[in-house]
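Student: As input, take target_13.txt (compact mmCIF, C-alpha atoms):
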# COMPACT_ATOMS: atom_id res chain seq x y z
CA MET Q 330 0.00 0.00 0.00
CA LYS Q 331 1.11 3.55 -0.71
CA ASN Q 332 2.18 5.65 2.23
CA PRO Q 333 -0.68 8.10 2.87
CA PHE Q 334 1.82 10.80 3.87
CA ASP Q 335 3.13 10.81 0.29
CA GLN Q 336 -0.37 11.30 -1.04
CA LEU Q 337 -0.86 14.58 0.86
CA ASP Q 338 -0.82 17.71 -1.25
CA ARG Q 339 2.09 19.93 -0.12
CA ILE Q 340 0.25 23.10 -1.10
CA LEU Q 341 -2.85 22.13 0.87
CA GLU Q 342 -1.00 21.12 3.99
CA HIS Q 343 -1.18 24.78 4.90
CA ARG Q 344 -4.32 25.41 6.98
CA ILE Q 345 -5.42 28.71 5.37
CA ARG Q 346 -4.95 27.39 1.84
CA LEU Q 347 -6.93 24.28 2.76
CA GLN Q 348 -9.74 26.46 4.10
CA ILE Q 349 -9.75 28.66 1.00
CA MET Q 350 -10.13 25.56 -1.16
CA SER Q 351 -12.93 24.28 1.12
CA VAL Q 352 -14.89 27.49 0.60
CA LEU Q 353 -14.32 27.48 -3.16
CA VAL Q 354 -15.31 23.82 -3.52
CA ALA Q 355 -18.53 24.42 -1.54
CA ASN Q 356 -19.46 27.60 -3.47
CA ASP Q 357 -19.51 28.57 -7.16
CA SER Q 358 -17.30 31.55 -6.45
CA TYR Q 359 -16.34 33.76 -3.54
CA ASP Q 360 -14.98 37.30 -3.40
CA PHE Q 361 -11.96 38.54 -1.46
CA ASN Q 362 -13.79 40.37 1.32
CA SER Q 363 -16.26 37.56 1.95
CA LEU Q 364 -13.39 35.07 2.15
CA LYS Q 365 -11.66 37.33 4.62
CA GLU Q 366 -14.77 37.40 6.81
CA VAL Q 367 -15.42 33.66 6.71
CA LEU Q 368 -11.82 32.68 7.41
CA ASN Q 369 -11.09 35.49 9.86
CA VAL Q 370 -7.66 36.34 8.42
CA THR Q 371 -5.79 39.51 7.57
CA ASP Q 372 -5.63 40.97 4.06
CA GLY Q 373 -1.94 40.16 3.67
CA ASN Q 374 -2.22 36.59 4.87
CA LEU Q 375 -5.20 35.90 2.61
CA ALA Q 376 -3.63 37.59 -0.41
CA SER Q 377 -0.36 35.65 -0.19
CA ASN Q 378 -2.13 32.32 0.17
CA LEU Q 379 -4.47 33.11 -2.71
CA LYS Q 380 -1.39 33.93 -4.80
CA ALA Q 381 0.13 30.56 -3.96
CA LEU Q 382 -3.06 28.74 -5.00
CA GLU Q 383 -3.32 30.80 -8.16
CA LYS Q 384 0.27 29.96 -9.06
CA GLU Q 385 -0.56 26.25 -8.81
CA LYS Q 386 -3.63 26.90 -11.00
CA TYR Q 387 -5.85 25.51 -8.23
CA ILE Q 388 -8.00 28.64 -8.44
CA SER Q 389 -8.93 31.15 -11.12
CA VAL Q 390 -9.29 34.85 -10.52
CA SER Q 391 -11.62 37.34 -12.17
CA LYS Q 392 -11.52 41.04 -11.47
CA SER Q 393 -14.42 43.39 -12.03
CA PHE Q 394 -15.95 46.54 -10.59
CA VAL Q 395 -19.08 46.65 -8.47
CA ASP Q 396 -20.28 50.20 -7.79
CA ARG Q 397 -16.87 51.44 -8.90
CA LYS Q 398 -15.16 49.38 -6.23
CA PRO Q 399 -12.83 46.60 -7.35
CA ASN Q 400 -14.32 43.17 -6.77
CA THR Q 401 -12.08 40.14 -7.10
CA LYS Q 402 -13.76 36.77 -7.43
CA TYR Q 403 -12.12 33.41 -6.98
CA LYS Q 404 -13.18 30.04 -8.34
CA ALA Q 405 -11.78 26.55 -7.86
CA THR Q 406 -10.43 25.09 -11.10
CA GLU Q 407 -10.87 21.46 -12.12
CA LYS Q 408 -7.25 20.89 -11.13
CA GLY Q 409 -7.90 22.50 -7.75
CA ARG Q 410 -10.99 20.38 -7.11
CA ASN Q 411 -9.12 17.19 -7.92
CA ALA Q 412 -6.20 18.17 -5.73
CA PHE Q 413 -8.56 18.99 -2.87
CA LYS Q 414 -10.36 15.66 -3.21
CA LYS Q 415 -7.08 13.74 -3.35
CA HIS Q 416 -5.82 15.57 -0.28
CA LEU Q 417 -9.03 14.77 1.61
CA ASP Q 418 -8.74 11.09 0.67
CA ALA Q 419 -5.16 11.10 1.94
CA LEU Q 420 -6.20 12.76 5.22
CA GLU Q 421 -8.92 10.17 5.66
CA GLU Q 422 -6.48 7.33 4.96
CA LEU Q 423 -3.96 8.81 7.35
CA ILE Q 424 -6.40 9.04 10.23
CA LYS Q 425 -7.72 5.53 9.54
CA THR Q 426 -4.23 3.99 9.71
CA GLN Q 427 -3.52 5.79 12.97
CA GLN Q 428 -6.52 4.34 14.75
CA MET J 1158 6.21 17.08 9.92
CA LYS J 1159 2.73 17.72 11.22
CA GLU J 1160 1.30 15.57 13.98
CA ILE J 1161 -1.79 13.43 13.54
CA HIS J 1162 -3.92 15.79 15.62
CA ASP J 1163 -2.91 18.61 13.27
CA TYR J 1164 -4.51 16.64 10.45
CA GLN J 1165 -7.61 16.09 12.52
CA GLY J 1166 -7.65 19.86 13.06
CA ASP J 1167 -7.35 20.29 9.28
CA ILE J 1168 -10.47 18.22 8.74
CA ALA J 1169 -12.37 20.19 11.38
CA SER J 1170 -11.27 23.44 9.71
CA ILE J 1171 -12.58 22.23 6.34
CA ARG J 1172 -15.95 21.64 7.89
CA THR J 1173 -16.04 25.05 9.57
CA ALA J 1174 -14.96 26.88 6.42
CA MET J 1175 -17.56 25.11 4.29
CA GLU J 1176 -20.36 25.69 6.79
CA ARG J 1177 -19.56 29.32 7.47
CA SER J 1178 -19.24 30.09 3.76
CA VAL J 1179 -22.52 28.43 2.72
CA LYS J 1180 -24.87 28.78 5.68
CA PHE J 1181 -26.11 31.83 7.50
CA LEU J 1182 -25.44 30.64 11.04
CA SER J 1183 -26.19 33.92 12.80
CA LEU J 1184 -29.95 33.37 12.67
CA SER J 1185 -31.17 33.92 16.21
CA GLY J 1186 -33.44 31.25 17.69
CA LEU J 1187 -34.72 33.58 20.37
CA SER J 1188 -35.99 36.00 17.72
CA GLY J 1189 -38.13 33.12 16.41
CA VAL J 1190 -39.66 32.68 19.86
CA LEU J 1191 -40.39 36.43 20.02
CA ALA J 1192 -41.94 36.37 16.52
CA GLY J 1193 -44.22 33.60 17.75
CA ILE J 1194 -45.24 35.68 20.74
CA TYR J 1195 -46.02 38.70 18.53
CA ALA J 1196 -48.15 36.45 16.32
CA LEU J 1197 -50.11 35.15 19.32
CA ILE J 1198 -50.70 38.70 20.54
CA GLY J 1199 -51.83 39.67 17.03
CA ALA J 1200 -54.16 36.66 16.84
CA THR J 1201 -55.66 37.56 20.22
CA ALA J 1202 -56.28 41.11 19.01
CA VAL J 1203 -58.00 39.75 15.91
CA TYR J 1204 -60.10 37.46 18.07
CA TYR J 1205 -61.40 40.41 20.08
CA LEU J 1206 -62.00 42.30 16.86
CA ILE J 1207 -64.18 39.73 15.10
CA TYR J 1208 -65.25 36.86 17.33
CA TYR J 1209 -65.61 38.18 20.84
CA PRO J 1210 -67.61 37.13 22.84
CA HIS J 1211 -67.94 33.92 20.78
CA SER J 1212 -65.37 31.13 20.88
CA PRO J 1213 -63.00 31.03 17.86
CA PHE J 1214 -63.64 27.29 17.66
CA GLY J 1215 -67.36 27.62 16.91
CA PHE J 1216 -68.14 27.48 13.21
CA ARG J 1217 -69.75 30.52 11.62
CA PHE J 1218 -69.90 32.24 8.27
CA TYR J 1219 -70.44 35.88 8.91
CA TYR J 1220 -67.19 37.29 10.23
CA VAL J 1221 -64.77 38.82 7.75
CA ASN J 1222 -66.72 40.62 5.10
CA GLU J 1223 -66.80 44.24 6.03
CA HIS J 1224 -64.22 46.43 4.40
CA ASP J 1225 -63.38 48.07 7.70
CA ILE J 1226 -62.56 44.75 9.39
CA VAL J 1227 -60.39 43.57 6.48
CA LEU J 1228 -58.36 46.75 6.74
CA LYS J 1229 -57.86 46.31 10.49
CA LEU J 1230 -56.79 42.68 9.99
CA MET J 1231 -54.25 43.72 7.40
CA ILE J 1232 -52.83 46.38 9.70
CA ILE J 1233 -52.42 43.84 12.52
CA ALA J 1234 -50.81 41.28 10.19
CA ALA J 1235 -48.43 43.91 8.77
CA LEU J 1236 -47.50 45.03 12.29
CA VAL J 1237 -46.68 41.45 13.35
CA LEU J 1238 -44.61 40.97 10.18
CA VAL J 1239 -42.61 44.18 10.54
CA LEU J 1240 -41.94 43.63 14.25
CA SER J 1241 -40.84 40.02 13.62
CA ILE J 1242 -38.46 40.97 10.82
CA ALA J 1243 -36.99 43.84 12.85
CA THR J 1244 -36.46 41.56 15.86
CA ALA J 1245 -34.86 38.84 13.74
CA PHE J 1246 -32.57 41.41 12.15
CA ILE J 1247 -31.42 43.05 15.39
CA MET J 1248 -30.89 39.78 17.29
CA SER J 1249 -29.13 38.07 14.38
CA GLN J 1250 -26.87 41.07 14.00
CA ARG J 1251 -25.80 40.63 17.61
CA LYS J 1252 -25.22 36.94 17.14
CA ALA J 1253 -23.22 37.57 13.95
CA LYS J 1254 -20.96 39.93 15.84
CA ARG J 1255 -20.33 37.23 18.42
CA LEU J 1256 -19.43 34.75 15.69
CA GLY J 1257 -17.08 37.26 14.04
CA LEU J 1258 -19.33 37.60 11.00
CA THR J 1259 -21.37 40.40 9.47
CA ILE J 1260 -25.14 40.30 9.05
CA TRP J 1261 -25.16 41.23 5.36
CA ASN J 1262 -22.83 38.78 3.66
CA LYS J 1263 -23.01 36.25 0.86
CA THR J 1264 -24.90 33.69 2.95
CA SER J 1265 -27.56 36.11 4.22
CA LYS J 1266 -28.04 37.50 0.70
CA ASP J 1267 -28.60 33.98 -0.65
CA LEU J 1268 -30.94 33.28 2.25
CA THR J 1269 -32.97 36.45 1.71
CA ALA J 1270 -33.31 35.98 -2.05
CA ASN J 1271 -34.50 32.40 -1.65
CA LEU J 1272 -36.89 33.35 1.13
CA PHE J 1273 -38.48 36.32 -0.57
CA ILE J 1274 -39.18 34.88 -4.01
CA PRO J 1275 -41.93 32.47 -2.80
CA LEU J 1276 -42.96 34.86 -0.03
CA ILE J 1277 -43.63 37.84 -2.30
CA THR J 1278 -45.32 35.63 -4.90
CA GLY J 1279 -47.64 34.26 -2.22
CA GLY J 1280 -48.23 37.70 -0.69
CA LEU J 1281 -49.26 39.22 -4.01
CA LEU J 1282 -51.51 36.27 -4.85
CA ILE J 1283 -53.24 36.57 -1.48
CA LEU J 1284 -53.77 40.33 -1.93
CA ILE J 1285 -55.26 39.73 -5.38
CA LEU J 1286 -57.61 37.02 -4.08
CA VAL J 1287 -58.63 39.12 -1.07
CA SER J 1288 -59.47 42.02 -3.38
CA ARG J 1289 -61.84 39.63 -5.17
CA GLY J 1290 -63.45 38.56 -1.92
CA TYR J 1291 -61.84 35.14 -1.42
CA TYR J 1292 -61.15 35.66 2.26
CA GLY J 1293 -61.06 31.95 3.06
CA ILE J 1294 -57.80 31.60 1.15
CA VAL J 1295 -55.81 33.89 3.45
CA ALA J 1296 -54.81 31.59 6.33
CA PRO J 1297 -54.03 28.43 4.31
CA ALA J 1298 -52.21 30.37 1.59
CA CYS J 1299 -50.14 32.39 4.11
CA LEU J 1300 -49.04 29.18 5.81
CA ILE J 1301 -48.33 27.25 2.60
CA PHE J 1302 -46.35 30.01 0.88
CA TYR J 1303 -44.44 30.77 4.07
CA GLY J 1304 -43.59 27.06 4.35
CA LEU J 1305 -42.39 26.95 0.74
CA ALA J 1306 -40.30 30.09 1.33
CA LEU J 1307 -38.67 28.51 4.39
CA ILE J 1308 -37.84 25.30 2.53
CA SER J 1309 -36.35 27.25 -0.35
CA ALA J 1310 -34.24 29.33 2.07
CA SER J 1311 -33.24 26.40 4.28
CA ALA J 1312 -30.29 25.40 2.09
CA TYR J 1313 -28.58 28.55 3.37
CA THR J 1314 -29.11 28.16 7.10
CA VAL J 1315 -29.66 25.62 9.87
CA ASN J 1316 -31.69 22.47 9.15
CA GLU J 1317 -34.48 23.26 11.60
CA ILE J 1318 -35.79 25.87 9.14
CA ARG J 1319 -36.50 23.10 6.66
CA TYR J 1320 -38.61 21.17 9.16
CA LEU J 1321 -40.40 24.35 10.19
CA GLY J 1322 -41.23 24.84 6.50
CA PHE J 1323 -42.69 21.34 6.17
CA SER J 1324 -44.75 21.84 9.33
CA GLU J 1325 -46.17 25.13 7.98
CA ILE J 1326 -47.16 23.48 4.69
CA VAL J 1327 -48.93 20.59 6.42
CA LEU J 1328 -50.75 23.01 8.70
CA GLY J 1329 -51.72 25.16 5.69
CA LEU J 1330 -53.19 22.18 3.85
CA VAL J 1331 -55.16 21.12 6.92
CA ALA J 1332 -56.39 24.72 7.27
CA ALA J 1333 -57.60 24.57 3.67
CA LEU J 1334 -59.54 21.38 4.47
CA LEU J 1335 -61.22 22.96 7.49
CA PRO J 1336 -62.56 26.34 6.39
CA GLY J 1337 -63.73 28.70 9.11
CA TYR J 1338 -60.82 28.10 11.47
CA GLY J 1339 -58.35 30.38 9.71
CA LEU J 1340 -57.43 32.35 12.80
CA VAL J 1341 -56.75 29.22 14.85
CA PHE J 1342 -54.43 27.78 12.19
CA TRP J 1343 -52.79 31.14 11.66
CA ALA J 1344 -52.05 31.35 15.40
CA LEU J 1345 -50.72 27.77 15.43
CA GLY J 1346 -48.48 28.27 12.38
CA PHE J 1347 -47.09 31.72 13.07
CA GLY J 1348 -47.32 31.60 16.85
CA LEU J 1349 -46.85 28.12 18.25
CA LEU J 1350 -44.54 26.69 15.55
CA HIS J 1351 -42.23 29.71 15.74
CA ILE J 1352 -42.01 29.37 19.49
CA VAL J 1353 -41.28 25.62 19.30
CA TYR J 1354 -38.69 25.76 16.49
CA GLY J 1355 -37.19 29.05 17.75
CA GLY J 1356 -36.82 27.44 21.16
CA VAL J 1357 -35.08 24.38 19.67
CA MET J 1358 -32.71 26.60 17.68
CA HIS J 1359 -32.01 28.75 20.70
CA TYR J 1360 -31.22 25.68 22.77
CA ARG J 1361 -28.96 24.19 20.08
CA TYR J 1362 -27.14 27.17 18.59
CA ASP J 1363 -27.61 30.40 20.55
CA SER J 1364 -24.99 29.90 23.23
What would you get if you wrote out this structure as structure tokens?

Tutor:
Amino acid sequence: MKNPFDQLDRILEHRIRLQIMSVLVANDSYDFNSLKEVLNVTDGNLASNLKALEKEKYISVSKSFVDRKPNTKYKATEKGRNAFKKHLDALEELIKTQQ
Amino acid sequence: MKEIHDYQGDIASIRTAMERSVKFLSLSGLSGVLAGIYALIGATAVYYLIYYPHSPFGFRFYYVNEHDIVLKLMIIAALVLVLSIATAFIMSQRKAKRLGLTIWNKTSKDLTANLFIPLITGGLLILILVSRGYYGIVAPACLIFYGLALISASAYTVNEIRYLGFSEIVLGLVAALLPGYGLVFWALGFGLLHIVYGGVMHYRYDS
């Protein structure tokens, strides 16, 4: 059997990034300020983790203006969804083997 | 290397993030209880207006057909509605603050949109039918459309709202089968059910 530790996604081992992906898998899309509220994190922390996910192409970004204010929306990509699912499976496996 | 309990924490955090991002969890249970109390007070006022000194359980035909009475009933109903919404808003705002959330966010917008589409449809239909003299439709239709609105909104908040919706629909259909007892069913649906479900929600989530 494969070692479940090797199946974990290195990017998603980070708690905030894992939570961002959770929100984006559960919702069609989510904007920056709403994400900040749900996850209770600072602008800088959220922005840097979103950047990391974007770089991996786990999420896609679309910028627009709502009432002249910039509104940035994030969506999980197919790659991101698969990575999230694989990571969850690995977590499940890991906890099973420990019991 | 992370410890096993860190991974367990990861799983818990996934759950929290998903729930908080999809569901409006700030809905106050106590405000439901208060809405039920307002409805019972409103129903009592209506009883004194049209039935007194007769029992509301006795069957009769004559009651609601004067224009003046219809207007008074509508004012009472509107007052109960406005007070209930205001209470729900203020108490949920407080609860949101405690949970570190705002009252007007993505989840509450989804909740409101899904609640108001069936609610406004039903409200307009009832007004149209009342204007044509179909007074018997009011209580069953209020209950049924309110139930449908709750079920449609329940995807965006706690599960109890879904069961409250089903209960309202059942009560509405029974009210339609038993014409003449509109006020009694109205008081049960908007008074008693709100107090029961609001109490359950308060007990489970309002701490």

Student: Using only C-alpha atoms, which of the listed residues (J:Lys1229, J:His1211, J:Arg1319, J:Arg1172) sits closest to Val354 of chain Q?

Tutor: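 The closest residue to Val354 of chain Q is J:Arg1172.
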
Student: Please, what distance in Å, to one decimal, runs between atom CA of Gly1355 of chain J and atom CA of Gly1189 of chain J?

Tutor: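 One can read the atom CA of Gly1355 of chain J to atom CA of Gly1189 of chain J distance as 4.4 Å.
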
Student: Which residues come within 8 Å of segment 393-410 of chain Q, counting only C-alpha atoms, excluding same-chain residues fewer than 2 positions away, as a PyMOL selection string?

Tutor: chain Q and resi 350+353-354+357-361+386-391+412-414

Student: Closest to Gly1322 of chain J among J:Val1179, J:Ala1234, J:Ala1306, J:Ala1270, using only C-alpha atoms?

Tutor: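 Result for the nearest residue to Gly1322 of chain J: J:Ala1306.
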
Student: Compute the set of chain Q residues within 8 Å of chain J, using all atoms listed in the file, and express it as a ChimeraX atom specification.

Tutor: /Q:344,347-349,351-352,355-356,363-364,366-369,420,424,427

Student: Because the input lacks atoms here, generate all heavy atoms for segment 381-392 of chain Q and report them as a PDB file, in the frame of the given file.

Tutor:
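Written file, result_29.pdb:
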ATOM      1  N   ALA Q 381      -0.485  31.886  -3.891  1.00  0.00           N
ATOM      2  CA  ALA Q 381       0.130  30.560  -3.960  1.00  0.00           C
ATOM      3  C   ALA Q 381      -0.801  29.570  -4.677  1.00  0.00           C
ATOM      4  O   ALA Q 381      -0.353  28.775  -5.516  1.00  0.00           O
ATOM      5  CB  ALA Q 381       0.462  30.063  -2.564  1.00  0.00           C
ATOM      6  N   LEU Q 382      -2.089  29.649  -4.369  1.00  0.00           N
ATOM      7  CA  LEU Q 382      -3.060  28.740  -5.000  1.00  0.00           C
ATOM      8  C   LEU Q 382      -3.231  29.066  -6.487  1.00  0.00           C
ATOM      9  O   LEU Q 382      -3.392  28.189  -7.323  1.00  0.00           O
ATOM     10  CB  LEU Q 382      -4.407  28.836  -4.290  1.00  0.00           C
ATOM     11  CG  LEU Q 382      -4.483  28.203  -2.903  1.00  0.00           C
ATOM     12  CD1 LEU Q 382      -5.775  28.590  -2.201  1.00  0.00           C
ATOM     13  CD2 LEU Q 382      -4.360  26.687  -2.991  1.00  0.00           C
ATOM     14  N   GLU Q 383      -3.174  30.370  -6.769  1.00  0.00           N
ATOM     15  CA  GLU Q 383      -3.320  30.800  -8.160  1.00  0.00           C
ATOM     16  C   GLU Q 383      -2.122  30.310  -8.980  1.00  0.00           C
ATOM     17  O   GLU Q 383      -2.274  29.871 -10.122  1.00  0.00           O
ATOM     18  CB  GLU Q 383      -3.399  32.331  -8.184  1.00  0.00           C
ATOM     19  CG  GLU Q 383      -3.938  32.895  -9.472  1.00  0.00           C
ATOM     20  CD  GLU Q 383      -3.815  34.417  -9.519  1.00  0.00           C
ATOM     21  OE1 GLU Q 383      -3.689  35.053  -8.443  1.00  0.00           O
ATOM     22  OE2 GLU Q 383      -3.824  34.952 -10.628  1.00  0.00           O
ATOM     23  N   LYS Q 384      -0.955  30.381  -8.382  1.00  0.00           N
ATOM     24  CA  LYS Q 384       0.270  29.960  -9.060  1.00  0.00           C
ATOM     25  C   LYS Q 384       0.210  28.478  -9.426  1.00  0.00           C
ATOM     26  O   LYS Q 384       0.680  28.070 -10.489  1.00  0.00           O
ATOM     27  CB  LYS Q 384       1.468  30.242  -8.143  1.00  0.00           C
ATOM     28  CG  LYS Q 384       2.765  30.454  -8.885  1.00  0.00           C
ATOM     29  CD  LYS Q 384       3.896  30.808  -7.934  1.00  0.00           C
ATOM     30  CE  LYS Q 384       5.132  29.991  -8.252  1.00  0.00           C
ATOM     31  NZ  LYS Q 384       5.831  29.540  -7.056  1.00  0.00           N
ATOM     32  N   GLU Q 385      -0.409  27.687  -8.547  1.00  0.00           N
ATOM     33  CA  GLU Q 385      -0.560  26.250  -8.810  1.00  0.00           C
ATOM     34  C   GLU Q 385      -1.704  25.954  -9.764  1.00  0.00           C
ATOM     35  O   GLU Q 385      -1.993  24.807 -10.070  1.00  0.00           O
ATOM     36  CB  GLU Q 385      -0.829  25.507  -7.494  1.00  0.00           C
ATOM     37  CG  GLU Q 385       0.343  25.451  -6.543  1.00  0.00           C
ATOM     38  CD  GLU Q 385       1.525  24.687  -7.122  1.00  0.00           C
ATOM     39  OE1 GLU Q 385       1.297  23.620  -7.740  1.00  0.00           O
ATOM     40  OE2 GLU Q 385       2.662  25.160  -6.958  1.00  0.00           O
ATOM     41  N   LYS Q 386      -2.430  27.024 -10.160  1.00  0.00           N
ATOM     42  CA  LYS Q 386      -3.630  26.900 -11.000  1.00  0.00           C
ATOM     43  C   LYS Q 386      -4.730  26.083 -10.312  1.00  0.00           C
ATOM     44  O   LYS Q 386      -5.505  25.384 -10.951  1.00  0.00           O
ATOM     45  CB  LYS Q 386      -3.283  26.288 -12.366  1.00  0.00           C
ATOM     46  CG  LYS Q 386      -2.321  27.140 -13.174  1.00  0.00           C
ATOM     47  CD  LYS Q 386      -2.540  26.940 -14.662  1.00  0.00           C
ATOM     48  CE  LYS Q 386      -1.944  28.023 -15.526  1.00  0.00           C
ATOM     49  NZ  LYS Q 386      -0.558  28.410 -15.177  1.00  0.00           N
ATOM     50  N   TYR Q 387      -4.765  26.153  -8.983  1.00  0.00           N
ATOM     51  CA  TYR Q 387      -5.850  25.510  -8.230  1.00  0.00           C
ATOM     52  C   TYR Q 387      -7.089  26.401  -8.223  1.00  0.00           C
ATOM     53  O   TYR Q 387      -8.186  25.941  -8.008  1.00  0.00           O
ATOM     54  CB  TYR Q 387      -5.426  25.266  -6.768  1.00  0.00           C
ATOM     55  CG  TYR Q 387      -4.541  24.065  -6.577  1.00  0.00           C
ATOM     56  CD1 TYR Q 387      -4.025  23.375  -7.672  1.00  0.00           C
ATOM     57  CD2 TYR Q 387      -4.226  23.607  -5.298  1.00  0.00           C
ATOM     58  CE1 TYR Q 387      -3.210  22.274  -7.482  1.00  0.00           C
ATOM     59  CE2 TYR Q 387      -3.409  22.504  -5.106  1.00  0.00           C
ATOM     60  CZ  TYR Q 387      -2.903  21.834  -6.203  1.00  0.00           C
ATOM     61  OH  TYR Q 387      -2.096  20.757  -6.020  1.00  0.00           O
ATOM     62  N   ILE Q 388      -6.868  27.702  -8.408  1.00  0.00           N
ATOM     63  CA  ILE Q 388      -8.000  28.640  -8.440  1.00  0.00           C
ATOM     64  C   ILE Q 388      -7.852  29.589  -9.620  1.00  0.00           C
ATOM     65  O   ILE Q 388      -6.742  29.798 -10.117  1.00  0.00           O
ATOM     66  CB  ILE Q 388      -8.109  29.472  -7.131  1.00  0.00           C
ATOM     67  CG1 ILE Q 388      -6.855  30.313  -6.911  1.00  0.00           C
ATOM     68  CG2 ILE Q 388      -8.349  28.571  -5.929  1.00  0.00           C
ATOM     69  CD1 ILE Q 388      -6.978  31.275  -5.733  1.00  0.00           C
ATOM     70  N   SER Q 389      -8.986  30.124 -10.078  1.00  0.00           N
ATOM     71  CA  SER Q 389      -8.930  31.150 -11.120  1.00  0.00           C
ATOM     72  C   SER Q 389      -9.470  32.448 -10.534  1.00  0.00           C
ATOM     73  O   SER Q 389     -10.288  32.436  -9.619  1.00  0.00           O
ATOM     74  CB  SER Q 389      -9.742  30.718 -12.338  1.00  0.00           C
ATOM     75  OG  SER Q 389     -11.095  30.618 -11.984  1.00  0.00           O
ATOM     76  N   VAL Q 390      -8.973  33.541 -11.073  1.00  0.00           N
ATOM     77  CA  VAL Q 390      -9.290  34.850 -10.520  1.00  0.00           C
ATOM     78  C   VAL Q 390      -9.973  35.690 -11.589  1.00  0.00           C
ATOM     79  O   VAL Q 390      -9.554  35.685 -12.747  1.00  0.00           O
ATOM     80  CB  VAL Q 390      -7.989  35.577 -10.085  1.00  0.00           C
ATOM     81  CG1 VAL Q 390      -8.324  36.882  -9.386  1.00  0.00           C
ATOM     82  CG2 VAL Q 390      -7.155  34.683  -9.198  1.00  0.00           C
ATOM     83  N   SER Q 391     -11.040  36.388 -11.224  1.00  0.00           N
ATOM     84  CA  SER Q 391     -11.620  37.340 -12.170  1.00  0.00           C
ATOM     85  C   SER Q 391     -11.860  38.654 -11.450  1.00  0.00           C
ATOM     86  O   SER Q 391     -12.431  38.682 -10.351  1.00  0.00           O
ATOM     87  CB  SER Q 391     -12.906  36.791 -12.782  1.00  0.00           C
ATOM     88  OG  SER Q 391     -13.891  36.680 -11.792  1.00  0.00           O
ATOM     89  N   LYS Q 392     -11.391  39.718 -12.094  1.00  0.00           N
ATOM     90  CA  LYS Q 392     -11.520  41.040 -11.470  1.00  0.00           C
ATOM     91  C   LYS Q 392     -12.583  41.841 -12.197  1.00  0.00           C
ATOM     92  O   LYS Q 392     -12.670  41.811 -13.419  1.00  0.00           O
ATOM     93  CB  LYS Q 392     -10.179  41.773 -11.534  1.00  0.00           C
ATOM     94  CG  LYS Q 392      -9.188  41.142 -10.580  1.00  0.00           C
ATOM     95  CD  LYS Q 392      -7.878  41.868 -10.519  1.00  0.00           C
ATOM     96  CE  LYS Q 392      -6.983  41.116  -9.538  1.00  0.00           C
ATOM     97  NZ  LYS Q 392      -5.632  41.471  -9.506  1.00  0.00           N
TER      98      LYS Q 392
END
